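Coordinates from final20.txt are shown below (compact mmCIF, C-alpha atoms).
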# COMPACT_ATOMS: atom_id res chain seq x y z
CA PHE G 945 19.68 -0.91 17.95
CA ASN G 946 19.83 2.52 19.57
CA TYR G 947 16.14 3.39 19.95
CA GLN G 948 14.54 6.59 21.12
CA PHE G 949 11.06 5.66 22.26
CA ASN G 950 9.80 9.23 21.80
CA SER G 951 10.95 9.27 18.16
CA VAL G 952 8.44 8.49 15.40
CA MET G 953 11.25 7.17 13.19
CA SER G 954 12.53 4.80 15.90
CA MET G 955 8.98 3.52 16.40
CA GLY G 956 8.74 2.87 12.66
CA VAL G 957 12.01 0.92 12.63
CA MET G 958 10.84 -1.25 15.54
CA LEU G 959 7.49 -1.81 13.85
CA PHE G 960 9.16 -2.84 10.60
CA GLN G 961 11.48 -5.30 12.36
CA VAL G 962 8.61 -6.97 14.24
CA TYR G 963 6.59 -7.08 11.00
CA MET G 964 9.47 -8.76 9.15
CA LEU G 965 9.79 -11.36 11.90
CA PHE G 966 6.14 -12.43 11.59
CA LEU G 967 6.34 -12.22 7.79
CA VAL G 968 9.31 -14.63 7.70
CA LEU G 969 7.46 -17.04 10.02
CA TRP G 970 4.33 -16.88 7.86
CA CYS G 971 6.32 -17.41 4.63
CA ALA G 972 8.10 -20.37 6.21
CA VAL G 973 4.74 -22.02 6.88
CA ILE G 974 3.39 -21.21 3.41
CA PHE G 975 6.48 -22.67 1.68
CA LYS G 976 7.01 -25.47 4.21
CA ASP G 977 7.23 -28.28 1.64
CA GLU G 978 9.63 -26.38 -0.63
CA ILE G 979 11.89 -25.49 2.31
CA ALA G 980 11.88 -29.10 3.54
CA ALA G 981 12.86 -30.34 0.06
CA LEU G 982 15.76 -27.87 -0.17
CA ILE G 983 17.00 -28.73 3.32
CA ASN G 984 16.89 -32.48 2.63
CA ARG G 985 18.79 -32.01 -0.62
CA PHE G 986 21.45 -29.46 0.28
CA MET G 987 21.60 -29.04 4.09
CA PRO G 988 20.37 -32.19 5.91
CA LYS G 989 21.91 -30.99 9.18
CA LEU G 990 19.31 -28.21 9.29
CA GLY G 991 16.46 -30.71 9.37
CA PHE G 992 15.47 -29.45 12.83
CA LEU G 993 14.15 -26.29 11.13
CA VAL G 994 11.35 -28.34 9.56
CA LYS G 995 10.24 -29.37 13.06
CA TRP G 996 10.26 -25.73 14.12
CA ILE G 997 8.15 -24.78 11.08
CA ASN G 998 5.67 -27.55 11.93
CA ALA G 999 5.40 -26.16 15.45
CA ILE G 1000 4.85 -22.63 14.12
CA GLU G 1001 2.12 -23.93 11.77
CA ARG G 1002 -0.04 -24.75 14.79
CA VAL G 1003 -0.26 -21.05 15.70
CA VAL G 1004 -0.32 -19.66 12.15
CA GLY G 1005 -3.87 -18.32 12.68
CA PRO G 1006 -2.95 -15.81 15.41
CA CYS G 1007 0.26 -15.07 13.47
CA GLU G 1008 -1.81 -14.01 10.45
CA VAL G 1009 -3.95 -11.71 12.60
CA ILE G 1010 -0.87 -10.06 14.09
CA LEU G 1011 0.67 -9.77 10.61
CA PHE G 1012 -2.49 -8.07 9.29
CA VAL G 1013 -2.53 -5.55 12.14
CA LEU G 1014 1.19 -4.80 11.76
CA ALA G 1015 0.79 -4.39 7.98
CA ALA G 1016 -2.03 -1.87 8.48
CA VAL G 1017 -0.03 0.15 11.01
CA LEU G 1018 3.06 -0.01 8.80
CA GLY G 1019 1.00 1.23 5.85
CA ALA G 1020 -0.06 4.28 7.84
CA TYR G 1021 3.37 4.84 9.38
CA THR G 1022 4.73 7.14 6.65
CA GLY G 1023 1.71 9.38 7.18
CA PHE G 1024 2.45 9.55 10.91
CA LEU G 1025 6.09 10.33 10.16
CA LEU G 1026 5.24 13.22 7.81
CA SER G 1027 2.44 14.58 9.99
CA ALA G 1028 4.97 15.02 12.80
CA LEU G 1029 6.72 17.74 10.74
CA ILE G 1030 4.98 20.68 12.41
CA SER G 1031 6.98 23.28 10.49
CA TYR G 1032 5.20 22.33 7.24
CA PRO G 1033 1.48 23.25 7.36
CA MET G 1034 0.49 20.90 4.55
CA LEU G 1035 2.26 17.87 6.03
CA ASN G 1036 1.13 18.55 9.60
CA ASN G 1037 -2.25 17.00 8.84
CA PRO G 1038 -4.03 14.23 10.83
CA VAL G 1039 -5.57 12.77 7.65
CA LEU G 1040 -2.18 11.74 6.23
CA PRO G 1041 -1.87 8.33 8.01
CA ALA G 1042 -5.29 7.18 6.79
CA LEU G 1043 -4.60 8.56 3.29
CA PHE G 1044 -1.28 6.74 3.05
CA LEU G 1045 -2.89 3.52 4.28
CA ALA G 1046 -5.67 3.76 1.67
CA SER G 1047 -3.28 4.58 -1.18
CA GLY G 1048 -0.92 1.80 -0.06
CA THR G 1049 -3.79 -0.67 -0.05
CA SER G 1050 -4.82 0.52 -3.52
CA SER G 1051 -1.31 0.01 -4.86
CA GLY G 1052 -1.18 -3.41 -3.17
CA ILE G 1053 -4.35 -4.46 -4.99
CA ALA G 1054 -2.93 -3.22 -8.31
CA ALA G 1055 0.41 -4.98 -7.75
CA THR G 1056 -1.40 -8.20 -6.81
CA PHE G 1057 -3.37 -8.05 -10.06
CA LEU G 1058 -0.15 -7.64 -12.06
CA PHE G 1059 1.53 -10.56 -10.29
CA ILE G 1060 -1.34 -13.04 -10.58
CA LEU G 1061 -2.16 -12.12 -14.19
CA ILE G 1062 1.37 -11.78 -15.58
CA ALA G 1063 3.57 -14.00 -13.38
CA GLY G 1064 0.79 -16.33 -12.20
CA LYS G 1065 -0.78 -16.48 -15.69
CA LEU G 1066 -4.30 -16.52 -14.24
CA LYS G 1067 -7.30 -15.45 -16.30
CA GLY G 1068 -9.06 -12.12 -15.82
CA ASP G 1069 -12.28 -13.87 -14.77
CA SER G 1070 -10.60 -16.24 -12.32
CA HIS G 1071 -11.84 -16.69 -8.75
CA GLU G 1072 -8.87 -14.68 -7.46
CA SER G 1073 -9.65 -11.74 -9.77
CA HIS G 1074 -13.31 -11.71 -8.72
CA PHE G 1075 -12.28 -11.75 -5.05
CA ILE G 1076 -9.82 -8.83 -5.38
CA HIS G 1077 -12.31 -6.78 -7.44
CA LYS G 1078 -14.61 -6.68 -4.40
CA PHE G 1079 -12.15 -4.42 -2.59
CA GLU G 1080 -10.98 -2.26 -5.49
CA VAL G 1081 -13.82 0.27 -5.76
CA PRO G 1082 -14.39 0.72 -1.97
CA ILE G 1083 -10.67 1.41 -1.46
CA MET G 1084 -10.55 3.95 -4.31
CA VAL G 1085 -13.68 5.72 -3.06
CA THR G 1086 -12.17 5.82 0.42
CA GLU G 1087 -8.92 7.23 -0.97
CA PHE G 1088 -10.82 9.93 -2.86
CA GLY G 1089 -12.84 10.81 0.25
CA LEU G 1090 -9.69 11.11 2.34
CA LEU G 1091 -8.13 13.38 -0.30
CA VAL G 1092 -11.19 15.63 -0.07
CA CYS G 1093 -10.90 15.68 3.73
CA PHE G 1094 -7.19 16.44 3.43
CA PHE G 1095 -7.74 19.52 1.24
CA VAL G 1096 -10.85 20.70 3.08
CA GLY G 1097 -8.85 20.61 6.31
CA LEU G 1098 -6.19 22.81 4.72
CA TYR G 1099 -8.78 25.23 3.31
CA PHE G 1100 -10.51 25.78 6.65
CA GLY G 1101 -7.24 25.72 8.59
CA GLY G 1102 -6.57 29.34 7.66
CA GLY G 1103 -3.25 31.14 7.64
CA GLN G 1104 -0.32 29.26 6.15
CA LYS G 1105 -2.43 26.17 5.55
CA VAL G 1106 -4.41 28.05 2.91
CA VAL G 1107 -1.16 29.31 1.39
CA ALA G 1108 0.16 25.73 1.36
CA LEU G 1109 -3.01 24.57 -0.40
CA GLU G 1110 -2.74 27.25 -3.09
CA ASN G 1111 0.95 26.54 -3.66
CA ALA G 1112 0.42 22.80 -3.87
CA LEU G 1113 -2.45 22.92 -6.39
CA SER G 1114 -0.75 25.36 -8.76
CA GLY G 1115 2.32 25.17 -10.97
CA PHE G 1116 4.24 21.95 -11.58
CA TRP G 1117 3.00 20.06 -8.53
CA GLY G 1118 -0.56 21.16 -9.26
CA ALA G 1119 -0.23 19.47 -12.67
CA VAL G 1120 1.17 16.35 -10.99
CA PHE G 1121 -1.89 16.22 -8.74
CA TRP G 1122 -4.60 16.92 -11.30
CA ILE G 1123 -3.14 14.78 -14.08
CA GLY G 1124 -1.20 12.10 -12.23
CA VAL G 1125 -3.16 11.66 -9.01
CA PHE G 1126 -6.73 12.66 -9.81
CA PHE G 1127 -7.11 11.83 -13.52
CA ILE G 1128 -4.77 8.84 -14.01
CA GLY G 1129 -4.78 7.42 -10.49
CA ILE G 1130 -8.40 7.88 -9.38
CA LEU G 1131 -10.82 8.93 -12.14
CA ILE G 1132 -9.76 6.45 -14.83
CA PRO G 1133 -9.60 3.36 -12.54
CA LEU G 1134 -12.85 4.34 -10.80
CA VAL G 1135 -14.75 4.81 -14.08
CA ALA G 1136 -13.19 1.63 -15.48
CA ASN G 1137 -14.41 -0.41 -12.53
CA MET G 1138 -17.86 1.13 -12.08
CA PHE G 1139 -19.19 1.78 -15.58
CA VAL G 1140 -17.68 -0.78 -17.97
CA SER G 1141 -19.32 -4.10 -18.77
CA ASP G 1142 -18.17 -7.34 -17.15
CA ARG G 1143 -16.67 -8.41 -20.49
CA TRP G 1144 -14.17 -5.57 -20.16
CA LYS G 1145 -13.97 -5.51 -16.39
CA PHE G 1146 -12.65 -9.07 -16.25
CA ASN G 1147 -10.53 -8.86 -19.38
CA LYS G 1148 -6.90 -9.67 -18.53
CA ASN G 1149 -5.29 -6.88 -20.58
CA PHE G 1150 -7.84 -4.34 -19.36
CA ILE G 1151 -7.15 -5.19 -15.70
CA ILE G 1152 -3.40 -4.91 -16.28
CA LEU G 1153 -3.80 -1.48 -17.90
CA VAL G 1154 -6.04 -0.18 -15.10
CA SER G 1155 -3.62 -1.55 -12.48
CA ILE G 1156 -0.73 0.30 -14.13
CA PHE G 1157 -2.76 3.54 -14.04
CA ASP G 1158 -3.47 2.91 -10.36
CA LEU G 1159 0.22 2.41 -9.53
CA ILE G 1160 1.17 5.57 -11.45
CA GLY G 1161 -1.45 7.51 -9.48
CA VAL G 1162 -0.19 6.25 -6.11
CA LEU G 1163 3.42 7.09 -7.06
CA CYS G 1164 2.36 10.61 -8.09
CA LEU G 1165 0.42 11.01 -4.84
CA ARG G 1166 3.45 10.13 -2.72
CA TYR G 1167 5.68 12.53 -4.63
CA PHE G 1168 3.01 15.24 -4.54
CA ILE G 1169 2.50 15.01 -0.77
CA LEU G 1170 6.23 14.85 -0.03
CA TYR G 1171 7.49 17.62 -2.32
CA ALA G 1172 4.49 19.95 -2.57
CA GLY G 1173 4.21 19.73 1.20
CA GLN G 1174 7.63 21.36 1.52
CA LEU G 1175 6.78 24.39 -0.60
CA THR G 1176 5.31 26.30 2.34
CA THR G 1177 6.67 26.62 5.86
CA ALA G 1178 4.90 27.77 9.01
Hey, can you dump this file as structure tokens for me?
Amino acid sequence: FNYQFNSVMSMGVMLFQVYMLFLVLWCAVIFKDEIAALINRFMPKLGFLVKWINAIERVVGPCEVILFVLAAVLGAYTGFLLSALISYPMLNNPVLPALFLASGTSSGIAATFLFILIAGKLKGDSHESHFIHKFEVPIMVTEFGLLVCFFVGLYFGGGQKVVALENALSGFWGAVFWIGVFFIGILIPLVANMFVSDRWKFNKNFIILVSIFDLIGVLCLRYFILYAGQLTTA
């Protein structure tokens, strides 16, 4: 409640609260019938909420647009937060917000696959799987391109940025990047989606395995950026 409008963290908190508000409204519309059934059964006095949800449903289109924009900004927010740390040459990088947004989108696709295939019990060649597959390769290629831009920016930044690059790509955190981020998180899923036959590409177990690799890679990337970025100070 005590905001500082010149603080990146305060801006993130405000953004998250507004996002949650629109998310709750959107979920209320999506699960309108289930909510109405629960209210009628357990809390009839709250029946007016159903009327409110019906009113919100009329403007659900603009609500979805706002929710999409807020989700994109929220996905990039962590990158903005870290890039504001000017005392760490590796973290003080303008590519970070876009990189975090791309990796977050990639993990979202992987998590969606796991939910619809395991919890939703859909088939690997279902309409939903075909639809999500359209975004998988472009997002991974974008993520890889942003990683290249991130490291190229450090290399040509000179001074402590070059030192930060050398420290990050060597030792323990270098192994985390090359094995966890590049090999498991990018190379394997990219090859699996671009060069395997459709029989494998839309196989349920194969998609689940690739999605797990993708999530491991995103987790390693976040840890790599956060901890390797603190190895070198300006």
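Minimum atom-to-atom distance to Gly1068 in chain G, evaluated using all atoms listed in the file, belongs to G:Asn1149 out of G:Thr1022, G:Ser1155, G:Ser1047, G:Asn1149.
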### Task
Could you check how far CA of Pro1038 in chain G sits from CA of Leu1014 in chain G, in Å to one decimal?
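CA of Pro1038 in chain G sits 19.8 Å away from CA of Leu1014 in chain G.
For the residues G:Leu1113, G:Leu1045, G:Leu1029, G:Val1107, ranking by smallest atom-to-atom distance to Val952 in chain G using all atoms listed in the file places G:Leu1029 first.
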### Message
Need the shell around Phe1044 in chain G: protein/DNA/RNA residues with any atom at most 8 Å away, counting all atoms listed in the file. Skip same-chain ones fewer than 2 positions apart. Format as a list in words?
### Response
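Selected residues are Gly1019, Ala1020, Thr1022, Gly1023, Leu1040, Pro1041, Ala1042, Ala1046, Ser1047 and Gly1048 of chain G.
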### Query
Of the residues G:Phe1150, G:Phe1094, G:Trp1144, G:Tyr1171, which is the one nearest to Phe1116 in chain G, using only C-alpha atoms?
G:Tyr1171
### Atom pair CA of Arg1166 in chain G / CA of Ile1123 in chain G: separation (Å)
13.9 Å
### Message
Can you tell me which residues surround Gln1104 in chain G at a distance of at most 12 Å, considering all atoms listed in the file, apart from same-chain residues fewer than 4 positions away, and format the answer as a list in words?
### Response
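Once the adjacent positions are removed, what remains is Ile1030, Ser1031, Tyr1032, Pro1033, Met1034, Leu1035, Asn1036, Leu1098, Tyr1099, Phe1100, Ala1108, Leu1109, Glu1110, Asn1111, Ala1112, Gly1173, Leu1175, Thr1176, Thr1177 and Ala1178 of chain G.
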### Point-to-point distance in Å for CA of Ile1128 in chain G and CA of His1071 in chain G
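Rounded to one decimal, the two atoms are 27.0 Å apart.
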## Note on the structure
In terms of all atoms listed in the file, the residue from G:Lys1105, G:Gln948, G:Gly1115, G:Gly1129 at minimal distance from Cys1164 in chain G is G:Gly1129
### Task
Go through G:Val962, G:Val1125, G:Leu1134, G:Ala999 and flag the residue nearest Ala1015 in chain G, using all atoms listed in the file for the distances.
G:Val962
### Query
Residues at most 10 Å from range 1003-1012 of chain G, counting only C-alpha atoms, excluding those fewer than 4 positions away in the same chain, as an MDAnalysis selection string?
chainID G and resid 962:967 969:970 973:974 997:999 1016:1018
### Message
Which residue is closest to Asp1069 in chain G? Choose from G:Phe1168, G:Phe1126, G:Phe1057, G:Phe992 and count all atoms listed in the file.
### Response
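Of G:Phe1168, G:Phe1126, G:Phe1057, G:Phe992, the one nearest Asp1069 in chain G, counting all atoms listed in the file, is G:Phe1057.
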### For His1077 in chain G: contacts at 12 Å, only C-alpha atoms, fewer than 6 positions along chain excluded, given as number ranges by chain
G: 1050, 1053-1054, 1056-1057, 1068-1071, 1083-1084, 1133-1134, 1136-1138, 1142, 1145-1146, 1151, 1154-1155
Can you tell me, as lines of an AutoDock Vina configuration file, the centre and edge lengths (Å, one decimal) of the axis-aligned box enclosing all of range 1074-1092 of chain G's listed atoms after padding each side by 4 Å?
center_x = -11.4
center_y = 1.9
center_z = -3.2
size_x = 14.5
size_y = 35.4
size_z = 19.1
